[in-house]
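Q: As input, take run.cif (mmCIF, C-alpha atoms):
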data_target
loop_
_atom_site.group_PDB
_atom_site.id
_atom_site.type_symbol
_atom_site.label_atom_id
_atom_site.label_comp_id
_atom_site.auth_asym_id
_atom_site.auth_seq_id
_atom_site.Cartn_x
_atom_site.Cartn_y
_atom_site.Cartn_z
ATOM 1 C CA MET A 1 0.000 0.000 0.000
ATOM 2 C CA SER A 2 1.428 3.378 -0.966
ATOM 3 C CA LEU A 3 0.872 6.687 0.769
ATOM 4 C CA ILE A 4 -1.420 7.712 -2.086
ATOM 5 C CA ASP A 5 -3.795 4.866 -1.197
ATOM 6 C CA ILE A 6 -4.267 6.006 2.407
ATOM 7 C CA GLU A 7 -7.410 8.021 3.056
ATOM 8 C CA TYR A 8 -7.037 10.824 5.565
ATOM 9 C CA SER A 9 -9.966 11.713 7.751
ATOM 10 C CA GLU A 10 -10.585 15.066 9.368
ATOM 11 C CA ILE A 11 -8.529 15.648 12.493
ATOM 12 C CA PRO A 12 -10.759 15.574 15.589
ATOM 13 C CA ASN A 13 -10.871 18.637 17.794
ATOM 14 C CA PRO A 14 -8.259 18.028 20.527
ATOM 15 C CA VAL A 15 -10.006 20.511 22.854
ATOM 16 C CA ASP A 16 -12.658 17.823 23.421
ATOM 17 C CA LEU A 17 -9.940 15.452 24.666
ATOM 18 C CA ILE A 18 -8.428 18.193 26.851
ATOM 19 C CA GLU A 19 -11.859 18.770 28.396
ATOM 20 C CA GLN A 20 -12.106 15.064 29.234
ATOM 21 C CA ILE A 21 -8.671 15.178 30.894
ATOM 22 C CA ALA A 22 -9.612 18.281 32.919
ATOM 23 C CA SER A 23 -12.868 16.669 33.989
ATOM 24 C CA ALA A 24 -11.109 13.442 35.025
ATOM 25 C CA HIS A 25 -8.754 15.468 37.266
ATOM 26 C CA ASN A 26 -11.632 17.567 38.705
ATOM 27 C CA TRP A 27 -10.011 20.766 37.397
ATOM 28 C CA SER A 28 -12.259 23.766 36.955
ATOM 29 C CA PHE A 29 -12.634 24.637 33.263
ATOM 30 C CA ASP A 30 -14.619 26.850 30.921
ATOM 31 C CA ARG A 31 -15.258 26.259 27.217
ATOM 32 C CA SER A 32 -15.399 29.769 25.755
ATOM 33 C CA GLY A 33 -15.936 28.327 22.296
ATOM 34 C CA GLU A 34 -15.762 25.095 20.334
ATOM 35 C CA ASP A 35 -12.005 25.484 19.854
ATOM 36 C CA GLU A 36 -11.045 27.071 23.200
ATOM 37 C CA ILE A 37 -10.806 25.970 26.820
ATOM 38 C CA THR A 38 -9.471 27.628 29.966
ATOM 39 C CA ILE A 39 -8.483 25.437 32.896
ATOM 40 C CA SER A 40 -7.666 26.399 36.491
ATOM 41 C CA VAL A 41 -5.223 24.071 38.216
ATOM 42 C CA THR A 42 -4.081 24.394 41.826
ATOM 43 C CA GLY A 43 -0.402 23.619 42.242
ATOM 44 C CA ASN A 44 1.804 23.398 45.311
ATOM 45 C CA TRP A 45 2.865 27.061 45.102
ATOM 46 C CA CYS A 46 0.186 28.847 43.107
ATOM 47 C CA GLU A 47 -2.924 28.664 40.927
ATOM 48 C CA TYR A 48 -2.282 28.093 37.224
ATOM 49 C CA SER A 49 -4.560 29.431 34.508
ATOM 50 C CA VAL A 50 -4.059 27.364 31.353
ATOM 51 C CA SER A 51 -5.684 28.410 28.075
ATOM 52 C CA LEU A 52 -5.673 26.154 25.043
ATOM 53 C CA SER A 53 -6.916 26.973 21.550
ATOM 54 C CA TRP A 54 -7.169 24.593 18.606
ATOM 55 C CA MET A 55 -6.050 26.245 15.351
ATOM 56 C CA GLU A 56 -7.453 23.911 12.735
ATOM 57 C CA GLY A 57 -5.810 25.608 9.758
ATOM 58 C CA LEU A 58 -2.373 25.042 11.297
ATOM 59 C CA GLU A 59 -3.307 21.727 12.921
ATOM 60 C CA ALA A 60 -1.822 23.085 16.143
ATOM 61 C CA VAL A 61 -2.834 23.730 19.734
ATOM 62 C CA HIS A 62 -1.849 27.108 21.162
ATOM 63 C CA LEU A 63 -1.117 26.911 24.876
ATOM 64 C CA ALA A 64 -0.757 29.813 27.301
ATOM 65 C CA CYS A 65 -0.141 29.415 31.019
ATOM 66 C CA ALA A 66 -0.281 32.233 33.541
ATOM 67 C CA PHE A 67 0.519 32.063 37.224
ATOM 68 C CA ASP A 68 1.122 34.452 40.081
ATOM 69 C CA PHE A 69 4.867 34.796 40.563
ATOM 70 C CA LYS A 70 6.089 37.583 42.828
ATOM 71 C CA VAL A 71 9.464 39.162 42.070
ATOM 72 C CA ILE A 72 10.897 41.643 44.516
ATOM 73 C CA GLU A 73 11.594 45.034 42.959
ATOM 74 C CA ARG A 74 15.380 44.891 43.285
ATOM 75 C CA ARG A 75 15.503 41.562 41.369
ATOM 76 C CA LYS A 76 13.128 42.413 38.494
ATOM 77 C CA LEU A 77 15.911 43.442 36.114
ATOM 78 C CA ASP A 78 17.766 40.176 36.837
ATOM 79 C CA VAL A 79 14.635 38.138 36.171
ATOM 80 C CA MET A 80 13.972 40.026 32.909
ATOM 81 C CA LYS A 81 17.560 39.368 31.755
ATOM 82 C CA LEU A 82 17.177 35.691 32.622
ATOM 83 C CA LEU A 83 13.921 35.437 30.662
ATOM 84 C CA ALA A 84 15.572 37.133 27.673
ATOM 85 C CA CYS A 85 18.379 34.528 27.746
ATOM 86 C CA ILE A 86 15.851 31.692 27.983
ATOM 87 C CA ASN A 87 13.709 33.118 25.167
ATOM 88 C CA GLU A 88 16.748 33.331 22.871
ATOM 89 C CA GLN A 89 17.082 29.544 23.150
ATOM 90 C CA LEU A 90 13.443 28.739 22.362
ATOM 91 C CA TRP A 91 12.344 27.678 18.897
ATOM 92 C CA VAL A 92 8.713 28.600 19.532
ATOM 93 C CA GLY A 93 6.979 30.366 22.373
ATOM 94 C CA HIS A 94 8.288 32.723 24.994
ATOM 95 C CA PHE A 95 8.275 33.573 28.667
ATOM 96 C CA ASP A 96 7.124 36.984 29.815
ATOM 97 C CA ILE A 97 6.639 38.898 33.033
ATOM 98 C CA TRP A 98 3.572 41.090 33.347
ATOM 99 C CA GLN A 99 3.896 44.248 35.362
ATOM 100 C CA ALA A 100 0.988 44.775 37.726
#
In structure tokens, what does this structure look like?

A:
Amino acid sequence: MSLIDIEYSEIPNPVDLIEQIASAHNWSFDRSGEDEITISVTGNWCEYSVSLSWMEGLEAVHLACAFDFKVIERRKLDVMKLLACINEQLWVGHFDIWQA
């Protein structure tokens, strides 16, 4: 059988699977649309807000995770420099610090 003979079906929406995983772990979640879900997960140190979006045209899931991370004022520049060094090494994605 050659690759030409294989029939490809439509890719299922992975957000449905992510919802099942969140439900199985009793994580709080909200489906803001067919292709989007936001999940709240309590960790050992903080609460994580995880947003996932299915981008069908790219056949990719976009993931964003936010959490409360306090940086003392005198160390903010050091943390920003560290994040810049980390981001230079990443192929996709980035880390960021939001100023409150």

Q: At a cut-off of 12 Å, using all atoms listed in the file, what residues contact range 95-100 of chain A? Leave out same-chain residues fewer than 3 positions from it and give the result as a list of chain:residue names.

A: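 Selected residues are A:Ala64, A:Cys65, A:Ala66, A:Phe67, A:Asp68, A:Phe69, A:Lys70, A:Val71, A:Ile72, A:Glu73, A:Lys76, A:Leu77, A:Asp78, A:Val79, A:Met80, A:Lys81, A:Leu82, A:Leu83, A:Ala84, A:Cys85, A:Ile86, A:Asn87, A:Glu88, A:Gln89, A:Leu90, A:Val92.
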
Q: Could you tell me how far CA of Glu47 in chain A lies from CA of Glu59 in chain A, in Å and to one decimal?

A: 28.9 Å

Q: Could you check the closest approach to Ser28 in chain A for each of A:Asp16, A:Arg75, A:Thr42, A:Met55 and tell me which residue wins, using all atoms listed in the file?

A: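 Under the stated criterion, the closest residue is A:Thr42.
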
Q: Can you turn the PyMOL selection byres ((chain A and resi 32) around 12) into a concrete residue list for this file, as a PyMOL selection string?

A: chain A and resi 15+19+29-31+33-39+51-53

Q: Write the residues of the preceding selection, restricted to C-alpha atoms, as a PDB file, in the frame of the given file.

A:
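File produced: selection37.pdb:
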ATOM      1  CA  VAL A  15     -10.006  20.511  22.854  1.00  0.00           C
ATOM      2  CA  GLU A  19     -11.859  18.770  28.396  1.00  0.00           C
ATOM      3  CA  PHE A  29     -12.634  24.637  33.263  1.00  0.00           C
ATOM      4  CA  ASP A  30     -14.619  26.850  30.921  1.00  0.00           C
ATOM      5  CA  ARG A  31     -15.258  26.259  27.217  1.00  0.00           C
ATOM      6  CA  GLY A  33     -15.936  28.327  22.296  1.00  0.00           C
ATOM      7  CA  GLU A  34     -15.762  25.095  20.334  1.00  0.00           C
ATOM      8  CA  ASP A  35     -12.005  25.484  19.854  1.00  0.00           C
ATOM      9  CA  GLU A  36     -11.045  27.071  23.200  1.00  0.00           C
ATOM     10  CA  ILE A  37     -10.806  25.970  26.820  1.00  0.00           C
ATOM     11  CA  THR A  38      -9.471  27.628  29.966  1.00  0.00           C
ATOM     12  CA  ILE A  39      -8.483  25.437  32.896  1.00  0.00           C
ATOM     13  CA  SER A  51      -5.684  28.410  28.075  1.00  0.00           C
ATOM     14  CA  LEU A  52      -5.673  26.154  25.043  1.00  0.00           C
ATOM     15  CA  SER A  53      -6.916  26.973  21.550  1.00  0.00           C
TER      16      SER A  53
END

Q: Between CA of Cys46 in chain A and CA of Gly93 in chain A, what is the distance, to one decimal in Å?

A: 21.9 Å

Q: If you count all atoms listed in the file, which residues fall within 9 Å of Trp27 in chain A, apart from same-chain ones fewer than 2 positions away, as a PyMOL selection string?

A: chain A and resi 21-25+29+39-42

Q: Kindly list the centre and edge lengths in Å, rounded to one decimal, for the axis-aligned box that covers all listed atoms of range 38-49 of chain A plus 5 Å on each of its six sides, as AutoDock Vina command-line options.

A:
--center_x -3.3 --center_y 26.4 --center_z 37.6 --size_x 22.3 --size_y 16.0 --size_z 25.3

Q: Quick check, in Å to one decimal: how far apart do CA of Gln20 in chain A and CA of Ala60 in chain A lie?

A: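 According to the coordinates, CA of Gln20 in chain A and CA of Ala60 in chain A are separated by 18.5 Å.
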
Q: Mind rebuilding range 28-63 of chain A with N, CA and C atoms and writing that out as a PDB file, keeping the file's coordinate frame?

A:
ATOM      1  N   SER A  28     -11.240  22.825  37.398  1.00  0.00           N
ATOM      2  CA  SER A  28     -12.259  23.766  36.955  1.00  0.00           C
ATOM      3  C   SER A  28     -11.917  24.224  35.536  1.00  0.00           C
ATOM      4  N   PHE A  29     -12.901  24.212  34.639  1.00  0.00           N
ATOM      5  CA  PHE A  29     -12.634  24.637  33.263  1.00  0.00           C
ATOM      6  C   PHE A  29     -13.836  25.350  32.681  1.00  0.00           C
ATOM      7  N   ASP A  30     -13.571  26.104  31.619  1.00  0.00           N
ATOM      8  CA  ASP A  30     -14.619  26.850  30.921  1.00  0.00           C
ATOM      9  C   ASP A  30     -14.357  26.745  29.432  1.00  0.00           C
ATOM     10  N   ARG A  31     -15.346  26.299  28.680  1.00  0.00           N
ATOM     11  CA  ARG A  31     -15.258  26.259  27.217  1.00  0.00           C
ATOM     12  C   ARG A  31     -15.815  27.571  26.699  1.00  0.00           C
ATOM     13  N   SER A  32     -14.944  28.473  26.275  1.00  0.00           N
ATOM     14  CA  SER A  32     -15.399  29.769  25.755  1.00  0.00           C
ATOM     15  C   SER A  32     -15.806  29.686  24.292  1.00  0.00           C
ATOM     16  N   GLY A  33     -15.555  28.565  23.674  1.00  0.00           N
ATOM     17  CA  GLY A  33     -15.936  28.327  22.296  1.00  0.00           C
ATOM     18  C   GLY A  33     -15.631  26.884  21.951  1.00  0.00           C
ATOM     19  N   GLU A  34     -15.992  26.474  20.755  1.00  0.00           N
ATOM     20  CA  GLU A  34     -15.762  25.095  20.334  1.00  0.00           C
ATOM     21  C   GLU A  34     -14.275  24.743  20.328  1.00  0.00           C
ATOM     22  N   ASP A  35     -13.438  25.732  20.007  1.00  0.00           N
ATOM     23  CA  ASP A  35     -12.005  25.484  19.854  1.00  0.00           C
ATOM     24  C   ASP A  35     -11.172  26.067  20.982  1.00  0.00           C
ATOM     25  N   GLU A  36     -11.784  26.444  22.104  1.00  0.00           N
ATOM     26  CA  GLU A  36     -11.045  27.071  23.200  1.00  0.00           C
ATOM     27  C   GLU A  36     -11.489  26.512  24.546  1.00  0.00           C
ATOM     28  N   ILE A  37     -10.515  26.387  25.449  1.00  0.00           N
ATOM     29  CA  ILE A  37     -10.806  25.970  26.820  1.00  0.00           C
ATOM     30  C   ILE A  37      -9.822  26.672  27.752  1.00  0.00           C
ATOM     31  N   THR A  38     -10.310  27.051  28.919  1.00  0.00           N
ATOM     32  CA  THR A  38      -9.471  27.628  29.966  1.00  0.00           C
ATOM     33  C   THR A  38      -9.630  26.752  31.202  1.00  0.00           C
ATOM     34  N   ILE A  39      -8.488  26.356  31.761  1.00  0.00           N
ATOM     35  CA  ILE A  39      -8.483  25.437  32.896  1.00  0.00           C
ATOM     36  C   ILE A  39      -7.766  26.092  34.068  1.00  0.00           C
ATOM     37  N   SER A  40      -8.323  25.941  35.265  1.00  0.00           N
ATOM     38  CA  SER A  40      -7.666  26.399  36.491  1.00  0.00           C
ATOM     39  C   SER A  40      -7.153  25.181  37.235  1.00  0.00           C
ATOM     40  N   VAL A  41      -5.856  25.200  37.534  1.00  0.00           N
ATOM     41  CA  VAL A  41      -5.223  24.071  38.216  1.00  0.00           C
ATOM     42  C   VAL A  41      -4.495  24.605  39.450  1.00  0.00           C
ATOM     43  N   THR A  42      -4.761  24.005  40.599  1.00  0.00           N
ATOM     44  CA  THR A  42      -4.081  24.394  41.826  1.00  0.00           C
ATOM     45  C   THR A  42      -2.818  23.568  41.976  1.00  0.00           C
ATOM     46  N   GLY A  43      -1.681  24.274  42.043  1.00  0.00           N
ATOM     47  CA  GLY A  43      -0.402  23.619  42.242  1.00  0.00           C
ATOM     48  C   GLY A  43       0.051  23.751  43.677  1.00  0.00           C
ATOM     49  N   ASN A  44       1.266  23.305  43.954  1.00  0.00           N
ATOM     50  CA  ASN A  44       1.804  23.398  45.311  1.00  0.00           C
ATOM     51  C   ASN A  44       2.075  24.838  45.720  1.00  0.00           C
ATOM     52  N   TRP A  45       2.464  25.702  44.777  1.00  0.00           N
ATOM     53  CA  TRP A  45       2.865  27.061  45.102  1.00  0.00           C
ATOM     54  C   TRP A  45       1.894  28.130  44.630  1.00  0.00           C
ATOM     55  N   CYS A  46       1.076  27.817  43.637  1.00  0.00           N
ATOM     56  CA  CYS A  46       0.186  28.847  43.107  1.00  0.00           C
ATOM     57  C   CYS A  46      -0.934  28.208  42.290  1.00  0.00           C
ATOM     58  N   GLU A  47      -1.822  29.055  41.815  1.00  0.00           N
ATOM     59  CA  GLU A  47      -2.924  28.664  40.927  1.00  0.00           C
ATOM     60  C   GLU A  47      -2.492  28.934  39.490  1.00  0.00           C
ATOM     61  N   TYR A  48      -2.643  27.951  38.628  1.00  0.00           N
ATOM     62  CA  TYR A  48      -2.282  28.093  37.224  1.00  0.00           C
ATOM     63  C   TYR A  48      -3.541  28.296  36.391  1.00  0.00           C
ATOM     64  N   SER A  49      -3.484  29.221  35.466  1.00  0.00           N
ATOM     65  CA  SER A  49      -4.560  29.431  34.508  1.00  0.00           C
ATOM     66  C   SER A  49      -4.017  29.022  33.141  1.00  0.00           C
ATOM     67  N   VAL A  50      -4.546  27.925  32.614  1.00  0.00           N
ATOM     68  CA  VAL A  50      -4.059  27.364  31.353  1.00  0.00           C
ATOM     69  C   VAL A  50      -5.134  27.549  30.289  1.00  0.00           C
ATOM     70  N   SER A  51      -4.764  28.213  29.201  1.00  0.00           N
ATOM     71  CA  SER A  51      -5.684  28.410  28.075  1.00  0.00           C
ATOM     72  C   SER A  51      -5.151  27.649  26.872  1.00  0.00           C
ATOM     73  N   LEU A  52      -6.042  26.905  26.231  1.00  0.00           N
ATOM     74  CA  LEU A  52      -5.673  26.154  25.043  1.00  0.00           C
ATOM     75  C   LEU A  52      -6.640  26.477  23.913  1.00  0.00           C
ATOM     76  N   SER A  53      -6.101  26.671  22.732  1.00  0.00           N
ATOM     77  CA  SER A  53      -6.916  26.973  21.550  1.00  0.00           C
ATOM     78  C   SER A  53      -6.480  26.075  20.402  1.00  0.00           C
ATOM     79  N   TRP A  54      -7.433  25.431  19.773  1.00  0.00           N
ATOM     80  CA  TRP A  54      -7.169  24.593  18.606  1.00  0.00           C
ATOM     81  C   TRP A  54      -7.222  25.474  17.369  1.00  0.00           C
ATOM     82  N   MET A  55      -6.125  25.481  16.597  1.00  0.00           N
ATOM     83  CA  MET A  55      -6.050  26.245  15.351  1.00  0.00           C
ATOM     84  C   MET A  55      -6.064  25.239  14.208  1.00  0.00           C
ATOM     85  N   GLU A  56      -7.248  24.977  13.710  1.00  0.00           N
ATOM     86  CA  GLU A  56      -7.453  23.911  12.735  1.00  0.00           C
ATOM     87  C   GLU A  56      -6.627  24.111  11.471  1.00  0.00           C
ATOM     88  N   GLY A  57      -6.558  25.347  10.984  1.00  0.00           N
ATOM     89  CA  GLY A  57      -5.810  25.608   9.758  1.00  0.00           C
ATOM     90  C   GLY A  57      -4.337  25.251   9.875  1.00  0.00           C
ATOM     91  N   LEU A  58      -3.780  25.379  11.057  1.00  0.00           N
ATOM     92  CA  LEU A  58      -2.373  25.042  11.297  1.00  0.00           C
ATOM     93  C   LEU A  58      -2.201  23.648  11.886  1.00  0.00           C
ATOM     94  N   GLU A  59      -3.322  23.010  12.232  1.00  0.00           N
ATOM     95  CA  GLU A  59      -3.307  21.727  12.921  1.00  0.00           C
ATOM     96  C   GLU A  59      -2.399  21.807  14.141  1.00  0.00           C
ATOM     97  N   ALA A  60      -2.650  22.834  14.974  1.00  0.00           N
ATOM     98  CA  ALA A  60      -1.822  23.085  16.143  1.00  0.00           C
ATOM     99  C   ALA A  60      -2.680  23.532  17.314  1.00  0.00           C
ATOM    100  N   VAL A  61      -2.200  23.262  18.516  1.00  0.00           N
ATOM    101  CA  VAL A  61      -2.834  23.730  19.734  1.00  0.00           C
ATOM    102  C   VAL A  61      -1.960  24.833  20.312  1.00  0.00           C
ATOM    103  N   HIS A  62      -2.556  25.996  20.530  1.00  0.00           N
ATOM    104  CA  HIS A  62      -1.849  27.108  21.162  1.00  0.00           C
ATOM    105  C   HIS A  62      -2.096  27.000  22.656  1.00  0.00           C
ATOM    106  N   LEU A  63      -1.025  27.032  23.436  1.00  0.00           N
ATOM    107  CA  LEU A  63      -1.117  26.911  24.876  1.00  0.00           C
ATOM    108  C   LEU A  63      -0.534  28.152  25.525  1.00  0.00           C
TER     109      LEU A  63
END
